[in-house]
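Participant: Quick one: the structure is below, and I'll ask about it shortly.
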Amino acid sequence: MAVKNIVFDMGGVLVDFDPDRSLRSHFPEAVHGLIKKNTFLSDEWREMDRGTIEVEDAVKIMCARLPGELRAEASQMILDHDTEMPAIEKMYPVVEALSKSGYKIYLLSNCPMWLYEFSKHIPAFRFFDGLIVSAEYNQIKPDEDIYHTLFAKFNLVPSECFFIDDSIKNVETGLRLGMKAHCFADKDIDKLKAALKNEGVII
């Protein structure tokens with residue numbers, strides 16, 4: 001079936017969420033592994049996205065595992081969304097072109113509830129027709145449940161959706177459920193446009 005809907009991930013697709021870059025900008029290399037293990041790769045981070053723990057509580061737990069002199073900076077790194085997650089500017093004209101071509105634009109993101117406020121600072125969000133934020137539904141990618149939530153809430157047919165995510169596991173779930181999909185891990189806009197055109201998408 002022809003593609004009618006374009007579904008975007010957020011981090012790594014619409015915004016430049018790069019934990020390693022954040023660590024480099026805040027801390028000496030010697031402590032990167034320790035901080036990453038106890039923050040970005042922690043159970044609390046995943047549960048923040050799932051919405052089963054408040055962000056402030058998760059940050060306190062994560063930072064409590066770090067040496068005292070690292071805690072304040074680590075907390076700032078996690079909570080300063082505007083600085084740590086700048087918009088990927090080259091994605092704006094892609095989203096704009098797809099919207100002007102008549103496609104419905106949706107978000108499927110693993111993210112805490114602060115995304116609703118943060119989205120006001122990302123220019124491309126003005127073109128979105130609907131958002132699915134994992135914390136609101138206590139579901140996260142790559143589990144299938146959150147994809148079914150997307151389909152049901154917006155009455156979407158999977159085969160009419162093209163899904164863009166920077167995680168191959170998330171992309172594989174989309175493909176398994178019948179979506180067209182492209183992994184944007186390489187941040188190559190030309191490859192993305194080629195993949196869209198290959199599925200008949202006008203851009």
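Letters A, B, ... mark the chains of the structure tokens in the order given; residue numbers begin at 1 per chain; ligand numbers begin at 1, in order shown.
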Show which residues sit within 9 Å of segment 175-187 of chain A, as a ChimeraX atom specification. Count only C-alpha atoms, and ignore same-chain residues fewer than 4 positions away.

Facilitator: /A:3,7,12-13,144,147-148,157-168,170-171,191-192,195-196,199

Participant: Pull the strand (DSSP E or B) assignments for segment 142-176 of chain A out of DSSP run on the backbone, and list those residues as a list in words.

Facilitator: Cys161, Phe162, Phe163, Ile164 and Asp165 of chain A

Participant: Residues at most 12 Å from His81 of chain A, counting only C-alpha atoms, excluding those fewer than 6 positions away in the same chain, as a PDB file with all heavy atoms, in the first residue's frame?

Facilitator:
```
ATOM      1  N   GLY A  11      15.166  11.500  19.395  1.00  0.00           N
ATOM      2  CA  GLY A  11      16.602  11.539  19.656  1.00  0.00           C
ATOM      3  C   GLY A  11      17.409  10.841  18.583  1.00  0.00           C
ATOM      4  O   GLY A  11      17.180   9.669  18.286  1.00  0.00           O
ATOM      5  N   VAL A  15      16.456  15.549  16.904  1.00  0.00           N
ATOM      6  CA  VAL A  15      17.381  16.287  17.765  1.00  0.00           C
ATOM      7  C   VAL A  15      18.650  15.462  17.925  1.00  0.00           C
ATOM      8  O   VAL A  15      18.639  14.242  17.842  1.00  0.00           O
ATOM      9  CB  VAL A  15      16.767  16.607  19.150  1.00  0.00           C
ATOM     10  CG1 VAL A  15      15.506  17.442  18.994  1.00  0.00           C
ATOM     11  CG2 VAL A  15      16.489  15.340  19.938  1.00  0.00           C
ATOM     12  N   ASP A  16      19.735  16.166  18.167  1.00  0.00           N
ATOM     13  CA  ASP A  16      21.046  15.517  18.243  1.00  0.00           C
ATOM     14  C   ASP A  16      21.332  15.074  19.675  1.00  0.00           C
ATOM     15  O   ASP A  16      22.047  15.752  20.412  1.00  0.00           O
ATOM     16  CB  ASP A  16      22.128  16.476  17.748  1.00  0.00           C
ATOM     17  CG  ASP A  16      23.491  15.810  17.665  1.00  0.00           C
ATOM     18  OD1 ASP A  16      23.549  14.570  17.742  1.00  0.00           O
ATOM     19  OD2 ASP A  16      24.488  16.520  17.524  1.00  0.00           O
ATOM     20  N   PHE A  17      20.734  13.954  20.061  1.00  0.00           N
ATOM     21  CA  PHE A  17      20.980  13.381  21.370  1.00  0.00           C
ATOM     22  C   PHE A  17      22.183  12.446  21.259  1.00  0.00           C
ATOM     23  O   PHE A  17      22.107  11.382  20.657  1.00  0.00           O
ATOM     24  CB  PHE A  17      19.754  12.614  21.858  1.00  0.00           C
ATOM     25  CG  PHE A  17      19.977  11.871  23.152  1.00  0.00           C
ATOM     26  CD1 PHE A  17      20.378  12.553  24.287  1.00  0.00           C
ATOM     27  CD2 PHE A  17      19.773  10.514  23.224  1.00  0.00           C
ATOM     28  CE1 PHE A  17      20.584  11.875  25.485  1.00  0.00           C
ATOM     29  CE2 PHE A  17      19.974   9.819  24.413  1.00  0.00           C
ATOM     30  CZ  PHE A  17      20.380  10.500  25.540  1.00  0.00           C
ATOM     31  N   ASP A  18      23.302  12.859  21.836  1.00  0.00           N
ATOM     32  CA  ASP A  18      24.555  12.106  21.741  1.00  0.00           C
ATOM     33  C   ASP A  18      25.204  12.058  23.124  1.00  0.00           C
ATOM     34  O   ASP A  18      25.916  12.995  23.516  1.00  0.00           O
ATOM     35  CB  ASP A  18      25.491  12.772  20.735  1.00  0.00           C
ATOM     36  CG  ASP A  18      26.777  11.995  20.506  1.00  0.00           C
ATOM     37  OD1 ASP A  18      27.083  11.090  21.311  1.00  0.00           O
ATOM     38  OD2 ASP A  18      27.483  12.300  19.528  1.00  0.00           O
ATOM     39  N   PRO A  19      24.950  10.993  23.891  1.00  0.00           N
ATOM     40  CA  PRO A  19      25.515  10.906  25.241  1.00  0.00           C
ATOM     41  C   PRO A  19      27.033  11.071  25.282  1.00  0.00           C
ATOM     42  O   PRO A  19      27.557  11.718  26.192  1.00  0.00           O
ATOM     43  CB  PRO A  19      25.091   9.506  25.704  1.00  0.00           C
ATOM     44  CG  PRO A  19      23.831   9.236  24.953  1.00  0.00           C
ATOM     45  CD  PRO A  19      24.059   9.857  23.599  1.00  0.00           C
ATOM     46  N   SER A  22      27.912  14.689  25.068  1.00  0.00           N
ATOM     47  CA  SER A  22      27.599  15.345  26.333  1.00  0.00           C
ATOM     48  C   SER A  22      28.663  15.054  27.382  1.00  0.00           C
ATOM     49  O   SER A  22      29.101  15.954  28.109  1.00  0.00           O
ATOM     50  CB  SER A  22      26.221  14.888  26.836  1.00  0.00           C
ATOM     51  OG  SER A  22      25.193  15.350  25.989  1.00  0.00           O
ATOM     52  N   SER A  75      23.925  15.965  37.000  1.00  0.00           N
ATOM     53  CA  SER A  75      22.512  16.341  37.042  1.00  0.00           C
ATOM     54  C   SER A  75      22.200  17.402  35.995  1.00  0.00           C
ATOM     55  O   SER A  75      21.199  17.319  35.275  1.00  0.00           O
ATOM     56  CB  SER A  75      22.156  16.854  38.441  1.00  0.00           C
ATOM     57  OG  SER A  75      20.814  17.274  38.494  1.00  0.00           O
ATOM     58  N   ALA A  87      18.339  20.858  18.000  1.00  0.00           N
ATOM     59  CA  ALA A  87      17.645  20.370  16.807  1.00  0.00           C
ATOM     60  C   ALA A  87      18.652  20.030  15.706  1.00  0.00           C
ATOM     61  O   ALA A  87      19.659  20.714  15.540  1.00  0.00           O
ATOM     62  CB  ALA A  87      16.667  21.423  16.298  1.00  0.00           C
ATOM     63  N   CYS A 111      10.776   8.713  25.578  1.00  0.00           N
ATOM     64  CA  CYS A 111      11.112   9.981  26.219  1.00  0.00           C
ATOM     65  C   CYS A 111      10.208  10.221  27.421  1.00  0.00           C
ATOM     66  O   CYS A 111       9.036   9.810  27.403  1.00  0.00           O
ATOM     67  CB  CYS A 111      10.938  11.117  25.216  1.00  0.00           C
ATOM     68  SG  CYS A 111      11.648  12.688  25.771  1.00  0.00           S
ATOM     69  N   PRO A 112      10.721  10.883  28.461  1.00  0.00           N
ATOM     70  CA  PRO A 112       9.852  11.304  29.567  1.00  0.00           C
ATOM     71  C   PRO A 112       8.846  12.360  29.120  1.00  0.00           C
ATOM     72  O   PRO A 112       8.915  12.893  28.010  1.00  0.00           O
ATOM     73  CB  PRO A 112      10.843  11.875  30.594  1.00  0.00           C
ATOM     74  CG  PRO A 112      12.156  11.249  30.249  1.00  0.00           C
ATOM     75  CD  PRO A 112      12.137  11.134  28.748  1.00  0.00           C
ATOM     76  N   TRP A 114       8.552  15.396  29.777  1.00  0.00           N
ATOM     77  CA  TRP A 114       9.001  16.754  29.481  1.00  0.00           C
ATOM     78  C   TRP A 114       9.066  17.038  27.986  1.00  0.00           C
ATOM     79  O   TRP A 114       9.180  18.188  27.575  1.00  0.00           O
ATOM     80  CB  TRP A 114      10.350  17.065  30.126  1.00  0.00           C
ATOM     81  CG  TRP A 114      11.495  16.131  29.858  1.00  0.00           C
ATOM     82  CD1 TRP A 114      12.039  15.239  30.718  1.00  0.00           C
ATOM     83  CD2 TRP A 114      12.263  16.013  28.638  1.00  0.00           C
ATOM     84  NE1 TRP A 114      13.092  14.567  30.127  1.00  0.00           N
ATOM     85  CE2 TRP A 114      13.250  15.021  28.869  1.00  0.00           C
ATOM     86  CE3 TRP A 114      12.218  16.654  27.396  1.00  0.00           C
ATOM     87  CZ2 TRP A 114      14.177  14.653  27.880  1.00  0.00           C
ATOM     88  CZ3 TRP A 114      13.130  16.273  26.426  1.00  0.00           C
ATOM     89  CH2 TRP A 114      14.087  15.286  26.668  1.00  0.00           C
ATOM     90  N   LEU A 115       8.948  16.005  27.156  1.00  0.00           N
ATOM     91  CA  LEU A 115       8.999  16.220  25.710  1.00  0.00           C
ATOM     92  C   LEU A 115       7.918  17.193  25.242  1.00  0.00           C
ATOM     93  O   LEU A 115       8.145  17.989  24.332  1.00  0.00           O
ATOM     94  CB  LEU A 115       8.837  14.891  24.970  1.00  0.00           C
ATOM     95  CG  LEU A 115       8.710  15.006  23.449  1.00  0.00           C
ATOM     96  CD1 LEU A 115       9.958  15.648  22.857  1.00  0.00           C
ATOM     97  CD2 LEU A 115       8.452  13.668  22.809  1.00  0.00           C
ATOM     98  N   GLU A 117       6.752  19.868  26.572  1.00  0.00           N
ATOM     99  CA  GLU A 117       7.227  21.240  26.719  1.00  0.00           C
ATOM    100  C   GLU A 117       8.418  21.510  25.809  1.00  0.00           C
ATOM    101  O   GLU A 117       8.501  22.542  25.147  1.00  0.00           O
ATOM    102  CB  GLU A 117       7.600  21.508  28.176  1.00  0.00           C
ATOM    103  CG  GLU A 117       8.060  22.942  28.445  1.00  0.00           C
ATOM    104  CD  GLU A 117       6.965  23.972  28.196  1.00  0.00           C
ATOM    105  OE1 GLU A 117       5.772  23.634  28.352  1.00  0.00           O
ATOM    106  OE2 GLU A 117       7.299  25.114  27.840  1.00  0.00           O
ATOM    107  N   PHE A 118       9.335  20.539  25.762  1.00  0.00           N
ATOM    108  CA  PHE A 118      10.556  20.684  24.964  1.00  0.00           C
ATOM    109  C   PHE A 118      10.235  20.824  23.474  1.00  0.00           C
ATOM    110  O   PHE A 118      10.931  21.534  22.744  1.00  0.00           O
ATOM    111  CB  PHE A 118      11.432  19.452  25.208  1.00  0.00           C
ATOM    112  CG  PHE A 118      12.692  19.393  24.379  1.00  0.00           C
ATOM    113  CD1 PHE A 118      13.731  20.284  24.590  1.00  0.00           C
ATOM    114  CD2 PHE A 118      12.847  18.428  23.388  1.00  0.00           C
ATOM    115  CE1 PHE A 118      14.898  20.221  23.847  1.00  0.00           C
ATOM    116  CE2 PHE A 118      14.006  18.356  22.639  1.00  0.00           C
ATOM    117  CZ  PHE A 118      15.030  19.258  22.873  1.00  0.00           C
ATOM    118  N   SER A 119       9.183  20.168  23.011  1.00  0.00           N
ATOM    119  CA  SER A 119       8.853  20.175  21.578  1.00  0.00           C
ATOM    120  C   SER A 119       8.583  21.578  21.048  1.00  0.00           C
ATOM    121  O   SER A 119       8.739  21.830  19.853  1.00  0.00           O
ATOM    122  CB  SER A 119       7.643  19.272  21.306  1.00  0.00           C
ATOM    123  OG  SER A 119       6.473  19.789  21.912  1.00  0.00           O
ATOM    124  N   HIS A 121      10.380  24.015  21.371  1.00  0.00           N
ATOM    125  CA  HIS A 121      11.651  24.623  20.989  1.00  0.00           C
ATOM    126  C   HIS A 121      12.261  23.985  19.734  1.00  0.00           C
ATOM    127  O   HIS A 121      13.330  24.409  19.297  1.00  0.00           O
ATOM    128  CB  HIS A 121      12.652  24.510  22.144  1.00  0.00           C
ATOM    129  CG  HIS A 121      12.155  25.105  23.423  1.00  0.00           C
ATOM    130  ND1 HIS A 121      12.045  26.459  23.629  1.00  0.00           N
ATOM    131  CD2 HIS A 121      11.710  24.528  24.566  1.00  0.00           C
ATOM    132  CE1 HIS A 121      11.569  26.685  24.834  1.00  0.00           C
ATOM    133  NE2 HIS A 121      11.362  25.535  25.420  1.00  0.00           N
ATOM    134  N   ILE A 122      11.591  22.987  19.175  1.00  0.00           N
ATOM    135  CA  ILE A 122      12.087  22.291  17.988  1.00  0.00           C
ATOM    136  C   ILE A 122      11.227  22.702  16.796  1.00  0.00           C
ATOM    137  O   ILE A 122      10.054  22.296  16.708  1.00  0.00           O
ATOM    138  CB  ILE A 122      12.054  20.762  18.179  1.00  0.00           C
ATOM    139  CG1 ILE A 122      12.795  20.362  19.456  1.00  0.00           C
ATOM    140  CG2 ILE A 122      12.650  20.064  16.960  1.00  0.00           C
ATOM    141  CD1 ILE A 122      14.254  20.775  19.495  1.00  0.00           C
TER     142      ILE A 122
END
```

Participant: I need the alpha helix (DSSP H) residues of segment 30-97 of chain A per DSSP on the backbone, written as a PyMOL selection string.

Facilitator: chain A and resi 32-38+43-50+55-64+68-79+81-84+92-97

Participant: Between A:Thr83, A:His26, A:Asn155, A:Ser99, which residue has the minimum interatomic distance to Arg71 of chain A, considering only C-alpha atoms?

Facilitator: A:His26

Participant: Enter the distance from atom CA of Phe40 of chain A to atom CA of Met77 of chain A, in Å, rounded to one decimal.

Facilitator: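 We find that atom CA of Phe40 of chain A and atom CA of Met77 of chain A lie 10.7 Å from each other.
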
Participant: Which distance in Å separates atom CA of Leu156 of chain A and atom CA of Lys4 of chain A, to one decimal?

Facilitator: 9.0 Å

Participant: Counting only C-alpha atoms, which of A:Cys63, A:Ala124, A:Ile140, A:Met113 gets nearest to Pro93 of chain A?

Facilitator: A:Ala124

Participant: Of the candidates A:Leu108, A:Ile78, A:Leu98, A:Ile146, which shows the shortest atom-to-atom distance to Lys197 of chain A, using only C-alpha atoms?

Facilitator: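 Among the listed residues, A:Leu98 lies closest to Lys197 of chain A.
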
Participant: Find the spatial neighbours of Leu107 of chain A, counting only C-alpha atoms, within a cut-off of 10 Å - ignore same-chain residues fewer than 2 positions away - and output them as number ranges by chain.

Facilitator: A: 6-10, 14, 105, 109-110, 125, 128-133, 150, 163-164

Participant: Would you compute the distance between atom CA of Glu84 of chain A and atom CA of Arg21 of chain A? Give it in Å to one decimal.

Facilitator: 8.6 Å

Participant: Give me, as a PyMOL selection string, all polymer residues having an atom no more than 10 Å from Ile61 of chain A, counting only C-alpha atoms and skipping those fewer than 5 positions away in the same chain.

Facilitator: chain A and resi 38-39+44+55-56+66

Participant: Between A:Ile203, A:Ala64, A:Val31, A:Lys37, single out the one closest to Tyr103 of chain A, counting only C-alpha atoms.

Facilitator: A:Ile203

Participant: With distances taken over only C-alpha atoms, which residue among A:Asn138, A:Ile189, A:Asp143, A:Ala74 lies nearest Ile88 of chain A?

Facilitator: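 Between A:Asn138, A:Ile189, A:Asp143, A:Ala74, the residue approaching Ile88 of chain A most closely is A:Ile189.
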